[in-house]
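Pasting start_8.tsv here (TSV, N, CA and C atoms):
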chain	number	residue	atom	x	y	z
A	46	MET	N	80.51	-84.60	4.93
A	46	MET	CA	79.41	-84.14	4.10
A	46	MET	C	78.87	-85.33	3.33
A	47	SER	N	77.58	-85.57	3.48
A	47	SER	CA	76.94	-86.67	2.74
A	47	SER	C	75.72	-86.11	2.00
A	48	LEU	N	75.87	-85.96	0.70
A	48	LEU	CA	74.81	-85.39	-0.10
A	48	LEU	C	73.89	-86.48	-0.63
A	49	VAL	N	72.58	-86.24	-0.51
A	49	VAL	CA	71.56	-87.15	-1.01
A	49	VAL	C	70.82	-86.44	-2.13
A	50	LYS	N	70.68	-87.11	-3.27
A	50	LYS	CA	69.98	-86.51	-4.40
A	50	LYS	C	68.49	-86.43	-4.10
A	51	LEU	N	67.92	-85.23	-4.28
A	51	LEU	CA	66.48	-85.04	-4.13
A	51	LEU	C	65.79	-85.35	-5.45
A	52	GLN	N	64.56	-85.77	-5.37
A	52	GLN	CA	63.83	-86.22	-6.56
A	52	GLN	C	63.58	-85.10	-7.57
A	53	GLY	N	63.35	-83.91	-7.11
A	53	GLY	CA	63.03	-82.82	-8.03
A	53	GLY	C	61.58	-82.88	-8.46
A	54	THR	N	61.20	-81.93	-9.28
A	54	THR	CA	59.84	-81.86	-9.82
A	54	THR	C	59.94	-82.04	-11.33
A	55	PRO	N	59.27	-83.06	-11.89
A	55	PRO	CA	59.45	-83.38	-13.32
A	55	PRO	C	59.29	-82.22	-14.29
A	56	SER	N	58.35	-81.31	-14.03
A	56	SER	CA	58.09	-80.22	-14.99
A	56	SER	C	58.86	-78.94	-14.69
A	57	CYS	N	59.66	-78.92	-13.64
A	57	CYS	CA	60.36	-77.71	-13.20
A	57	CYS	C	61.36	-77.21	-14.24
A	58	PHE	N	61.44	-75.89	-14.39
A	58	PHE	CA	62.41	-75.28	-15.30
A	58	PHE	C	63.84	-75.56	-14.88
A	59	VAL	N	64.11	-75.61	-13.58
A	59	VAL	CA	65.47	-75.81	-13.09
A	59	VAL	C	65.82	-77.30	-12.96
A	60	CYS	N	64.97	-78.07	-12.28
A	60	CYS	CA	65.33	-79.45	-11.95
A	60	CYS	C	64.51	-80.50	-12.69
A	61	GLY	N	63.68	-80.08	-13.64
A	61	GLY	CA	62.81	-81.02	-14.34
A	61	GLY	C	63.56	-81.96	-15.26
A	62	ASN	N	62.84	-82.96	-15.74
A	62	ASN	CA	63.47	-83.89	-16.69
A	62	ASN	C	63.04	-83.53	-18.11
A	63	GLU	N	63.81	-84.01	-19.07
A	63	GLU	CA	63.56	-83.59	-20.45
A	63	GLU	C	62.28	-84.16	-21.03
A	64	ASN	N	61.73	-85.23	-20.46
A	64	ASN	CA	60.46	-85.78	-20.94
A	64	ASN	C	59.29	-84.87	-20.59
A	65	ASP	N	59.30	-84.32	-19.38
A	65	ASP	CA	58.21	-83.47	-18.93
A	65	ASP	C	58.43	-82.00	-19.27
A	66	ASN	N	59.67	-81.58	-19.40
A	66	ASN	CA	59.99	-80.20	-19.75
A	66	ASN	C	61.28	-80.16	-20.56
A	67	PRO	N	61.18	-80.21	-21.88
A	67	PRO	CA	62.38	-80.23	-22.71
A	67	PRO	C	63.24	-78.97	-22.58
A	68	ARG	N	62.67	-77.88	-22.02
A	68	ARG	CA	63.43	-76.64	-21.83
A	68	ARG	C	64.12	-76.58	-20.46
A	69	SER	N	63.93	-77.58	-19.63
A	69	SER	CA	64.51	-77.59	-18.30
A	69	SER	C	66.03	-77.55	-18.36
A	70	LEU	N	66.62	-76.93	-17.35
A	70	LEU	CA	68.08	-76.95	-17.21
A	70	LEU	C	68.58	-78.32	-16.75
A	71	ARG	N	67.65	-79.16	-16.24
A	71	ARG	CA	67.94	-80.53	-15.79
A	71	ARG	C	69.07	-80.59	-14.74
A	72	LEU	N	69.04	-79.66	-13.80
A	72	LEU	CA	70.04	-79.64	-12.75
A	72	LEU	C	69.63	-80.58	-11.61
A	73	ASN	N	70.61	-81.23	-11.04
A	73	ASN	CA	70.37	-82.13	-9.91
A	73	ASN	C	70.49	-81.34	-8.61
A	74	ILE	N	69.58	-81.62	-7.70
A	74	ILE	CA	69.59	-80.96	-6.40
A	74	ILE	C	69.92	-82.00	-5.33
A	75	PHE	N	70.87	-81.65	-4.49
A	75	PHE	CA	71.30	-82.55	-3.42
A	75	PHE	C	71.05	-81.89	-2.07
A	76	TRP	N	70.88	-82.73	-1.05
A	76	TRP	CA	70.62	-82.27	0.31
A	76	TRP	C	71.69	-82.81	1.23
A	77	ASP	N	72.27	-81.96	2.04
A	77	ASP	CA	73.23	-82.37	3.07
A	77	ASP	C	72.48	-82.33	4.40
A	78	ASP	N	72.07	-83.51	4.89
A	78	ASP	CA	71.25	-83.59	6.09
A	78	ASP	C	72.02	-83.17	7.34
A	79	GLU	N	73.31	-83.37	7.35
A	79	GLU	CA	74.12	-83.00	8.51
A	79	GLU	C	74.27	-81.48	8.62
A	80	SER	N	74.63	-80.84	7.52
A	80	SER	CA	74.83	-79.39	7.53
A	80	SER	C	73.58	-78.61	7.16
A	81	ARG	N	72.52	-79.31	6.70
A	81	ARG	CA	71.21	-78.73	6.45
A	81	ARG	C	71.22	-77.67	5.34
A	82	TYR	N	71.67	-78.06	4.17
A	82	TYR	CA	71.60	-77.17	3.02
A	82	TYR	C	71.45	-77.96	1.73
A	83	THR	N	70.92	-77.29	0.71
A	83	THR	CA	70.85	-77.87	-0.62
A	83	THR	C	72.09	-77.47	-1.40
A	84	SER	N	72.41	-78.28	-2.40
A	84	SER	CA	73.57	-78.02	-3.25
A	84	SER	C	73.21	-78.33	-4.69
A	85	ILE	N	73.46	-77.37	-5.57
A	85	ILE	CA	73.20	-77.54	-7.00
A	85	ILE	C	74.46	-77.13	-7.75
A	86	SER	N	75.16	-78.11	-8.32
A	86	SER	CA	76.36	-77.83	-9.11
A	86	SER	C	75.96	-77.64	-10.57
A	87	PHE	N	76.63	-76.72	-11.25
A	87	PHE	CA	76.31	-76.50	-12.66
A	87	PHE	C	77.49	-75.88	-13.40
A	88	ILE	N	77.52	-76.14	-14.70
A	88	ILE	CA	78.47	-75.53	-15.63
A	88	ILE	C	77.62	-74.92	-16.74
A	89	PRO	N	77.41	-73.61	-16.71
A	89	PRO	CA	76.55	-72.98	-17.73
A	89	PRO	C	77.23	-72.97	-19.10
A	90	ASP	N	76.42	-73.12	-20.15
A	90	ASP	CA	76.96	-73.00	-21.50
A	90	ASP	C	76.48	-71.69	-22.13
A	91	GLU	N	76.86	-71.44	-23.36
A	91	GLU	CA	76.53	-70.18	-24.03
A	91	GLU	C	75.03	-69.93	-24.14
A	92	SER	N	74.23	-71.01	-24.16
A	92	SER	CA	72.78	-70.82	-24.28
A	92	SER	C	72.18	-70.19	-23.03
A	93	TRP	N	72.93	-70.12	-21.95
A	93	TRP	CA	72.47	-69.51	-20.70
A	93	TRP	C	72.78	-68.01	-20.65
A	94	CYS	N	73.49	-67.48	-21.63
A	94	CYS	CA	74.04	-66.14	-21.56
A	94	CYS	C	73.08	-65.06	-22.05
A	95	GLY	N	73.20	-63.89	-21.42
A	95	GLY	CA	72.56	-62.67	-21.90
A	95	GLY	C	73.61	-61.99	-22.78
A	96	TYR	N	74.53	-61.29	-22.13
A	96	TYR	CA	75.68	-60.77	-22.86
A	96	TYR	C	76.63	-61.93	-23.13
A	97	GLU	N	77.41	-61.81	-24.19
A	97	GLU	CA	78.31	-62.89	-24.58
A	97	GLU	C	79.21	-63.31	-23.42
A	98	GLY	N	79.14	-64.60	-23.08
A	98	GLY	CA	79.98	-65.16	-22.04
A	98	GLY	C	79.49	-64.95	-20.62
A	99	MET	N	78.46	-64.12	-20.43
A	99	MET	CA	77.97	-63.84	-19.08
A	99	MET	C	76.57	-64.41	-18.91
A	100	VAL	N	76.39	-65.24	-17.89
A	100	VAL	CA	75.11	-65.91	-17.66
A	100	VAL	C	74.03	-64.89	-17.29
A	101	HIS	N	72.85	-65.08	-17.86
A	101	HIS	CA	71.70	-64.20	-17.64
A	101	HIS	C	71.29	-64.24	-16.17
A	102	GLY	N	71.06	-63.08	-15.60
A	102	GLY	CA	70.68	-62.98	-14.20
A	102	GLY	C	69.38	-63.69	-13.86
A	103	GLY	N	68.46	-63.74	-14.81
A	103	GLY	CA	67.19	-64.43	-14.57
A	103	GLY	C	67.37	-65.92	-14.34
A	104	LEU	N	68.31	-66.52	-15.08
A	104	LEU	CA	68.59	-67.95	-14.86
A	104	LEU	C	69.22	-68.17	-13.50
A	105	LEU	N	70.12	-67.27	-13.11
A	105	LEU	CA	70.76	-67.39	-11.80
A	105	LEU	C	69.73	-67.21	-10.69
A	106	ALA	N	68.78	-66.30	-10.88
A	106	ALA	CA	67.71	-66.11	-9.90
A	106	ALA	C	66.86	-67.37	-9.78
A	107	ALA	N	66.59	-68.04	-10.90
A	107	ALA	CA	65.80	-69.28	-10.87
A	107	ALA	C	66.55	-70.37	-10.10
A	108	ILE	N	67.86	-70.46	-10.30
A	108	ILE	CA	68.65	-71.47	-9.59
A	108	ILE	C	68.67	-71.18	-8.09
A	109	ILE	N	68.89	-69.91	-7.74
A	109	ILE	CA	68.87	-69.49	-6.31
A	109	ILE	C	67.50	-69.80	-5.70
A	110	ASP	N	66.44	-69.49	-6.43
A	110	ASP	CA	65.08	-69.74	-5.95
A	110	ASP	C	64.87	-71.22	-5.67
A	111	ASP	N	65.29	-72.08	-6.58
A	111	ASP	CA	65.15	-73.53	-6.37
A	111	ASP	C	65.99	-74.01	-5.19
A	112	ALA	N	67.21	-73.51	-5.06
A	112	ALA	CA	68.07	-73.92	-3.94
A	112	ALA	C	67.38	-73.61	-2.61
A	113	MET	N	66.73	-72.46	-2.53
A	113	MET	CA	66.05	-72.08	-1.29
A	113	MET	C	64.76	-72.88	-1.11
A	114	ALA	N	63.99	-73.04	-2.19
A	114	ALA	CA	62.73	-73.79	-2.09
A	114	ALA	C	62.98	-75.22	-1.62
A	115	TRP	N	64.00	-75.85	-2.17
A	115	TRP	CA	64.29	-77.23	-1.78
A	115	TRP	C	64.89	-77.35	-0.38
A	116	SER	N	65.47	-76.25	0.14
A	116	SER	CA	65.94	-76.30	1.53
A	116	SER	C	64.74	-76.42	2.48
A	117	ILE	N	63.59	-75.91	2.05
A	117	ILE	CA	62.36	-76.08	2.84
A	117	ILE	C	61.79	-77.48	2.59
A	118	LYS	N	61.68	-77.84	1.32
A	118	LYS	CA	61.05	-79.11	0.92
A	118	LYS	C	61.76	-80.32	1.52
A	119	ALA	N	63.06	-80.20	1.75
A	119	ALA	CA	63.83	-81.33	2.29
A	119	ALA	C	63.34	-81.75	3.68
A	120	SER	N	62.67	-80.83	4.39
A	120	SER	CA	62.22	-81.15	5.74
A	120	SER	C	60.73	-80.92	5.96
A	121	ASP	N	59.99	-80.58	4.90
A	121	ASP	CA	58.58	-80.25	5.07
A	121	ASP	C	57.83	-80.65	3.80
A	122	ASP	N	56.81	-81.48	3.94
A	122	ASP	CA	56.06	-81.95	2.78
A	122	ASP	C	55.04	-80.93	2.26
A	123	ASP	N	54.80	-79.86	3.01
A	123	ASP	CA	53.88	-78.83	2.54
A	123	ASP	C	54.47	-78.10	1.34
A	124	ILE	N	53.62	-77.45	0.58
A	124	ILE	CA	54.06	-76.68	-0.58
A	124	ILE	C	54.23	-75.23	-0.16
A	125	TYR	N	55.39	-74.67	-0.46
A	125	TYR	CA	55.70	-73.27	-0.20
A	125	TYR	C	55.97	-72.59	-1.53
A	126	VAL	N	55.50	-71.36	-1.67
A	126	VAL	CA	55.73	-70.59	-2.88
A	126	VAL	C	56.51	-69.32	-2.54
A	127	THR	N	57.25	-68.83	-3.49
A	127	THR	CA	58.06	-67.65	-3.28
A	127	THR	C	57.16	-66.43	-3.09
A	128	GLY	N	57.34	-65.75	-1.96
A	128	GLY	CA	56.59	-64.53	-1.70
A	128	GLY	C	57.41	-63.29	-2.00
A	129	LYS	N	58.69	-63.34	-1.67
A	129	LYS	CA	59.59	-62.21	-1.91
A	129	LYS	C	60.98	-62.77	-2.14
A	130	LEU	N	61.62	-62.31	-3.20
A	130	LEU	CA	62.95	-62.78	-3.56
A	130	LEU	C	63.86	-61.59	-3.77
A	131	THR	N	64.99	-61.59	-3.09
A	131	THR	CA	65.98	-60.53	-3.23
A	131	THR	C	67.29	-61.15	-3.70
A	132	ILE	N	67.86	-60.59	-4.76
A	132	ILE	CA	69.09	-61.12	-5.33
A	132	ILE	C	70.14	-60.00	-5.39
A	133	SER	N	71.38	-60.35	-5.04
A	133	SER	CA	72.51	-59.43	-5.21
A	133	SER	C	73.56	-60.13	-6.07
A	134	PHE	N	73.94	-59.48	-7.16
A	134	PHE	CA	74.95	-60.03	-8.06
A	134	PHE	C	76.29	-59.41	-7.70
A	135	ARG	N	77.23	-60.24	-7.25
A	135	ARG	CA	78.53	-59.76	-6.76
A	135	ARG	C	79.64	-59.88	-7.80
A	136	ARG	N	79.61	-60.95	-8.57
A	136	ARG	CA	80.62	-61.22	-9.60
A	136	ARG	C	79.93	-61.84	-10.80
A	137	ALA	N	80.50	-61.65	-11.96
A	137	ALA	CA	79.94	-62.25	-13.17
A	137	ALA	C	80.02	-63.78	-13.08
A	138	VAL	N	78.96	-64.43	-13.52
A	138	VAL	CA	78.97	-65.89	-13.69
A	138	VAL	C	79.14	-66.10	-15.18
A	139	ARG	N	80.18	-66.84	-15.55
A	139	ARG	CA	80.57	-66.97	-16.95
A	139	ARG	C	80.31	-68.37	-17.49
A	140	SER	N	79.99	-68.43	-18.77
A	140	SER	CA	79.78	-69.74	-19.39
A	140	SER	C	81.07	-70.54	-19.33
A	141	GLY	N	80.92	-71.84	-19.12
A	141	GLY	CA	82.06	-72.74	-19.05
A	141	GLY	C	82.68	-72.88	-17.68
A	142	GLY	N	82.33	-72.00	-16.74
A	142	GLY	CA	82.88	-72.09	-15.38
A	142	GLY	C	82.12	-73.10	-14.55
A	143	LYS	N	82.71	-73.52	-13.45
A	143	LYS	CA	82.08	-74.46	-12.53
A	143	LYS	C	81.56	-73.68	-11.32
A	144	TYR	N	80.28	-73.90	-11.01
A	144	TYR	CA	79.63	-73.16	-9.93
A	144	TYR	C	78.81	-74.10	-9.07
A	145	VAL	N	78.54	-73.66	-7.85
A	145	VAL	CA	77.64	-74.40	-6.97
A	145	VAL	C	76.74	-73.40	-6.24
A	146	ALA	N	75.45	-73.72	-6.24
A	146	ALA	CA	74.48	-72.95	-5.47
A	146	ALA	C	74.18	-73.72	-4.20
A	147	GLN	N	74.05	-73.01	-3.10
A	147	GLN	CA	73.68	-73.62	-1.83
A	147	GLN	C	72.50	-72.85	-1.25
A	148	GLY	N	71.49	-73.59	-0.77
A	148	GLY	CA	70.31	-72.97	-0.20
A	148	GLY	C	70.11	-73.38	1.25
A	149	PHE	N	69.68	-72.44	2.07
A	149	PHE	CA	69.54	-72.66	3.51
A	149	PHE	C	68.17	-72.20	4.01
A	150	LEU	N	67.55	-73.01	4.83
A	150	LEU	CA	66.35	-72.60	5.55
A	150	LEU	C	66.81	-71.95	6.84
A	151	GLU	N	66.54	-70.68	6.99
A	151	GLU	CA	66.98	-69.94	8.18
A	151	GLU	C	66.02	-70.15	9.35
A	152	ARG	N	64.72	-70.01	9.07
A	152	ARG	CA	63.73	-70.20	10.14
A	152	ARG	C	62.33	-70.22	9.54
A	153	LYS	N	61.37	-70.69	10.33
A	153	LYS	CA	59.95	-70.64	9.97
A	153	LYS	C	59.21	-69.88	11.04
A	154	GLU	N	58.25	-69.10	10.59
A	154	GLU	CA	57.36	-68.37	11.51
A	154	GLU	C	55.96	-68.45	10.93
A	155	GLY	N	55.11	-69.23	11.55
A	155	GLY	CA	53.75	-69.42	11.04
A	155	GLY	C	53.80	-70.03	9.64
A	156	ARG	N	53.16	-69.37	8.67
A	156	ARG	CA	53.15	-69.87	7.29
A	156	ARG	C	54.36	-69.40	6.49
A	157	ARG	N	55.25	-68.65	7.08
A	157	ARG	CA	56.40	-68.09	6.37
A	157	ARG	C	57.68	-68.90	6.66
A	158	ALA	N	58.47	-69.06	5.61
A	158	ALA	CA	59.79	-69.67	5.74
A	158	ALA	C	60.81	-68.68	5.20
A	159	TYR	N	61.83	-68.40	5.98
A	159	TYR	CA	62.87	-67.44	5.61
A	159	TYR	C	64.11	-68.23	5.19
A	160	THR	N	64.63	-67.89	4.00
A	160	THR	CA	65.71	-68.67	3.41
A	160	THR	C	66.83	-67.76	2.90
A	161	SER	N	67.98	-68.37	2.64
A	161	SER	CA	69.09	-67.66	2.00
A	161	SER	C	69.80	-68.62	1.07
A	162	ALA	N	70.59	-68.05	0.15
A	162	ALA	CA	71.33	-68.88	-0.79
A	162	ALA	C	72.52	-68.10	-1.34
A	163	VAL	N	73.49	-68.85	-1.85
A	163	VAL	CA	74.65	-68.27	-2.52
A	163	VAL	C	74.97	-69.11	-3.75
A	164	ILE	N	75.61	-68.47	-4.71
A	164	ILE	CA	76.26	-69.18	-5.81
A	164	ILE	C	77.73	-68.81	-5.72
A	165	LYS	N	78.59	-69.84	-5.68
A	165	LYS	CA	80.03	-69.63	-5.58
A	165	LYS	C	80.72	-70.24	-6.78
A	166	ASP	N	81.86	-69.64	-7.14
A	166	ASP	CA	82.66	-70.21	-8.21
A	166	ASP	C	83.59	-71.28	-7.63
A	167	GLU	N	84.40	-71.92	-8.48
A	167	GLU	CA	85.22	-73.03	-7.99
A	167	GLU	C	86.35	-72.59	-7.06
A	168	GLU	N	86.64	-71.28	-7.01
A	168	GLU	CA	87.63	-70.77	-6.05
A	168	GLU	C	86.98	-70.40	-4.72
A	169	GLY	N	85.65	-70.52	-4.63
A	169	GLY	CA	84.94	-70.19	-3.40
A	169	GLY	C	84.48	-68.75	-3.32
A	170	ASN	N	84.65	-67.98	-4.40
A	170	ASN	CA	84.19	-66.60	-4.42
A	170	ASN	C	82.67	-66.55	-4.55
A	171	THR	N	82.02	-65.70	-3.77
A	171	THR	CA	80.58	-65.53	-3.86
A	171	THR	C	80.26	-64.67	-5.08
A	172	CYS	N	79.46	-65.23	-5.98
A	172	CYS	CA	79.05	-64.53	-7.20
A	172	CYS	C	77.65	-63.95	-7.08
A	173	VAL	N	76.76	-64.70	-6.43
A	173	VAL	CA	75.37	-64.28	-6.29
A	173	VAL	C	74.91	-64.63	-4.87
A	174	GLU	N	74.15	-63.72	-4.28
A	174	GLU	CA	73.53	-63.97	-2.97
A	174	GLU	C	72.04	-63.74	-3.10
A	175	GLY	N	71.27	-64.51	-2.35
A	175	GLY	CA	69.83	-64.33	-2.38
A	175	GLY	C	69.20	-64.57	-1.02
A	176	GLU	N	68.07	-63.93	-0.83
A	176	GLU	CA	67.23	-64.17	0.34
A	176	GLU	C	65.80	-64.24	-0.15
A	177	ALA	N	64.98	-65.02	0.53
A	177	ALA	CA	63.58	-65.10	0.12
A	177	ALA	C	62.70	-65.39	1.32
A	178	ILE	N	61.46	-64.97	1.17
A	178	ILE	CA	60.40	-65.38	2.10
A	178	ILE	C	59.44	-66.24	1.28
A	179	PHE	N	59.26	-67.46	1.72
A	179	PHE	CA	58.31	-68.38	1.09
A	179	PHE	C	57.08	-68.46	1.96
A	180	ILE	N	55.93	-68.64	1.32
A	180	ILE	CA	54.66	-68.73	2.02
A	180	ILE	C	54.09	-70.12	1.80
A	181	ARG	N	53.68	-70.78	2.90
A	181	ARG	CA	53.06	-72.10	2.79
A	181	ARG	C	51.69	-71.95	2.12
A	182	ALA	N	51.50	-72.70	1.06
A	182	ALA	CA	50.24	-72.63	0.32
A	182	ALA	C	49.13	-73.26	1.16
A	183	LYS	N	47.92	-72.73	1.01
A	183	LYS	CA	46.77	-73.29	1.74
A	183	LYS	C	46.22	-74.48	1.01

Same coordinates, now as structure tokens:
Amino acid sequence: MSLVKLQGTPSCFVCGNENDNPRSLRLNIFWDDESRYTSISFIPDESWCGYEGMVHGGLLAAIIDDAMAWSIKASDDDIYVTGKLTISFRRAVRSGGKYVAQGFLERKEGRRAYTSAVIKDEEGNTCVEGEAIFIRAK
């Protein structure tokens, strides 16, 4: 496995830098060219939580969305936007834990890109699953 850091988008809520977006989570996105997936490691803190100790589902959806979007961007310079996003929460994601999101481009059909993603804990348990259809912008 050889992960290459992707540049990210400066103003992005998930991967942006603090100069362009001080509210960004500032997560690094990596690409595994051999296995063809994105990887985003993170350790959420209390500021990410909805209920005490439990990470807000909206933040997890944003991370899943970025993992999938960058799985397309890693091989295509066109801009794709989320058309449909489906999320399943399997286990609680807790503050202070170590997690990794992985995003996969499943296939492209015309202007549509079909993707999937997971967030796993450090024991390898699936906590969140997602699927999305992205549409290539005109």

Using all atoms listed in the file - which residues lie no farther than 8 Å from the point (49.3, -70.2, 1.0) in the file's frame? Write them as JSON, numbers by chain. {"A": [124, 125, 126, 156, 180, 181, 182, 183]}

Per-residue DSSP, range 54-174 of chain A, filtered to strand (DSSP E), as a ChimeraX atom specification: /A:75-77,82-87,125-134,144-154,157-166,171-174

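The closest residue to Ile178 in chain A, picked from A:Met113, A:Val49, A:Ile164, A:Ala119 and counting only C-alpha atoms, is A:Met113.
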
For Gln147 in chain A, find every residue with an atom within 12 Å (counting only C-alpha atoms), except residues of its own chain fewer than 6 positions away, and show them as a ChimeraX atom specification. /A:48,74-77,80-87,108-116,160-166,169,171-176

For Val145 in chain A, which residue among A:Ile88, A:Gly128, A:Phe179, A:Asp123 is the nearest when counting only N, CA and C atoms? A:Ile88

Can you list, as a short mmCIF file (atom, residue, chain, number, x, y, z; two decimals) with N, CA and C atoms, keeping the file's coordinate frame, every protein, DNA or RNA residue that comes within 12 Å of Gly103 in chain A when you count only C-alpha atoms, leaving out same-chain residues fewer than 5 positions away?
data_model
loop_
_atom_site.label_atom_id
_atom_site.label_comp_id
_atom_site.auth_asym_id
_atom_site.auth_seq_id
_atom_site.Cartn_x
_atom_site.Cartn_y
_atom_site.Cartn_z
N PHE A 58 61.44 -75.89 -14.39
CA PHE A 58 62.41 -75.28 -15.30
C PHE A 58 63.84 -75.56 -14.88
N VAL A 59 64.11 -75.61 -13.58
CA VAL A 59 65.47 -75.81 -13.09
C VAL A 59 65.82 -77.30 -12.96
N TRP A 93 72.93 -70.12 -21.95
CA TRP A 93 72.47 -69.51 -20.70
C TRP A 93 72.78 -68.01 -20.65
N CYS A 94 73.49 -67.48 -21.63
CA CYS A 94 74.04 -66.14 -21.56
C CYS A 94 73.08 -65.06 -22.05
N GLY A 95 73.20 -63.89 -21.42
CA GLY A 95 72.56 -62.67 -21.90
C GLY A 95 73.61 -61.99 -22.78
N ILE A 108 67.86 -70.46 -10.30
CA ILE A 108 68.65 -71.47 -9.59
C ILE A 108 68.67 -71.18 -8.09
N ILE A 109 68.89 -69.91 -7.74
CA ILE A 109 68.87 -69.49 -6.31
C ILE A 109 67.50 -69.80 -5.70
N ASP A 110 66.44 -69.49 -6.43
CA ASP A 110 65.08 -69.74 -5.95
C ASP A 110 64.87 -71.22 -5.67
N LEU A 130 61.62 -62.31 -3.20
CA LEU A 130 62.95 -62.78 -3.56
C LEU A 130 63.86 -61.59 -3.77
N ILE A 132 67.86 -60.59 -4.76
CA ILE A 132 69.09 -61.12 -5.33
C ILE A 132 70.14 -60.00 -5.39
N SER A 133 71.38 -60.35 -5.04
CA SER A 133 72.51 -59.43 -5.21
C SER A 133 73.56 -60.13 -6.07
N PHE A 134 73.94 -59.48 -7.16
CA PHE A 134 74.95 -60.03 -8.06
C PHE A 134 76.29 -59.41 -7.70
N VAL A 138 78.96 -64.43 -13.52
CA VAL A 138 78.97 -65.89 -13.69
C VAL A 138 79.14 -66.10 -15.18
N VAL A 173 76.76 -64.70 -6.43
CA VAL A 173 75.37 -64.28 -6.29
C VAL A 173 74.91 -64.63 -4.87
#

Apply DSSP to the structure's backbone, then extract all residues of chain A labelled alpha helix (DSSP H) and return them as a PDB file with N, CA and C atoms, in the frame of the given file.
ATOM      1  N   GLY A 102      71.060 -63.080 -15.600  1.00  0.00           N
ATOM      2  CA  GLY A 102      70.680 -62.980 -14.200  1.00  0.00           C
ATOM      3  C   GLY A 102      69.380 -63.690 -13.860  1.00  0.00           C
ATOM      4  N   GLY A 103      68.460 -63.740 -14.810  1.00  0.00           N
ATOM      5  CA  GLY A 103      67.190 -64.430 -14.570  1.00  0.00           C
ATOM      6  C   GLY A 103      67.370 -65.920 -14.340  1.00  0.00           C
ATOM      7  N   LEU A 104      68.310 -66.520 -15.080  1.00  0.00           N
ATOM      8  CA  LEU A 104      68.590 -67.950 -14.860  1.00  0.00           C
ATOM      9  C   LEU A 104      69.220 -68.170 -13.500  1.00  0.00           C
ATOM     10  N   LEU A 105      70.120 -67.270 -13.110  1.00  0.00           N
ATOM     11  CA  LEU A 105      70.760 -67.390 -11.800  1.00  0.00           C
ATOM     12  C   LEU A 105      69.730 -67.210 -10.690  1.00  0.00           C
ATOM     13  N   ALA A 106      68.780 -66.300 -10.880  1.00  0.00           N
ATOM     14  CA  ALA A 106      67.710 -66.110  -9.900  1.00  0.00           C
ATOM     15  C   ALA A 106      66.860 -67.370  -9.780  1.00  0.00           C
ATOM     16  N   ALA A 107      66.590 -68.040 -10.900  1.00  0.00           N
ATOM     17  CA  ALA A 107      65.800 -69.280 -10.870  1.00  0.00           C
ATOM     18  C   ALA A 107      66.550 -70.370 -10.100  1.00  0.00           C
ATOM     19  N   ILE A 108      67.860 -70.460 -10.300  1.00  0.00           N
ATOM     20  CA  ILE A 108      68.650 -71.470  -9.590  1.00  0.00           C
ATOM     21  C   ILE A 108      68.670 -71.180  -8.090  1.00  0.00           C
ATOM     22  N   ILE A 109      68.890 -69.910  -7.740  1.00  0.00           N
ATOM     23  CA  ILE A 109      68.870 -69.490  -6.310  1.00  0.00           C
ATOM     24  C   ILE A 109      67.500 -69.800  -5.700  1.00  0.00           C
ATOM     25  N   ASP A 110      66.440 -69.490  -6.430  1.00  0.00           N
ATOM     26  CA  ASP A 110      65.080 -69.740  -5.950  1.00  0.00           C
ATOM     27  C   ASP A 110      64.870 -71.220  -5.670  1.00  0.00           C
ATOM     28  N   ASP A 111      65.290 -72.080  -6.580  1.00  0.00           N
ATOM     29  CA  ASP A 111      65.150 -73.530  -6.370  1.00  0.00           C
ATOM     30  C   ASP A 111      65.990 -74.010  -5.190  1.00  0.00           C
ATOM     31  N   ALA A 112      67.210 -73.510  -5.060  1.00  0.00           N
ATOM     32  CA  ALA A 112      68.070 -73.920  -3.940  1.00  0.00           C
ATOM     33  C   ALA A 112      67.380 -73.610  -2.610  1.00  0.00           C
ATOM     34  N   MET A 113      66.730 -72.460  -2.530  1.00  0.00           N
ATOM     35  CA  MET A 113      66.050 -72.080  -1.290  1.00  0.00           C
ATOM     36  C   MET A 113      64.760 -72.880  -1.110  1.00  0.00           C
ATOM     37  N   ALA A 114      63.990 -73.040  -2.190  1.00  0.00           N
ATOM     38  CA  ALA A 114      62.730 -73.790  -2.090  1.00  0.00           C
ATOM     39  C   ALA A 114      62.980 -75.220  -1.620  1.00  0.00           C
ATOM     40  N   TRP A 115      64.000 -75.850  -2.170  1.00  0.00           N
ATOM     41  CA  TRP A 115      64.290 -77.230  -1.780  1.00  0.00           C
ATOM     42  C   TRP A 115      64.890 -77.350  -0.380  1.00  0.00           C
ATOM     43  N   SER A 116      65.470 -76.250   0.140  1.00  0.00           N
ATOM     44  CA  SER A 116      65.940 -76.300   1.530  1.00  0.00           C
ATOM     45  C   SER A 116      64.740 -76.420   2.480  1.00  0.00           C
ATOM     46  N   ILE A 117      63.590 -75.910   2.050  1.00  0.00           N
ATOM     47  CA  ILE A 117      62.360 -76.080   2.840  1.00  0.00           C
ATOM     48  C   ILE A 117      61.790 -77.480   2.590  1.00  0.00           C
ATOM     49  N   LYS A 118      61.680 -77.840   1.320  1.00  0.00           N
ATOM     50  CA  LYS A 118      61.050 -79.110   0.920  1.00  0.00           C
ATOM     51  C   LYS A 118      61.760 -80.320   1.520  1.00  0.00           C
TER      52      LYS A 118
END

Which distance in Å separates atom C of Asn73 in chain A and atom C of Leu51 in chain A, to one decimal?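 Computing the Euclidean distance for atom C of Asn73 in chain A and atom C of Leu51 in chain A yields 6.9 Å.
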
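Minimum distance to Gly98 in chain A across A:Glu167, A:Ala137, A:Leu150, A:Pro55 (counting all atoms listed in the file) occurs at A:Ala137.
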
Expressed in Å to a single decimal, how great is the separation between atom C of Ser120 in chain A and atom C of Asn66 in chain A? 26.5 Å
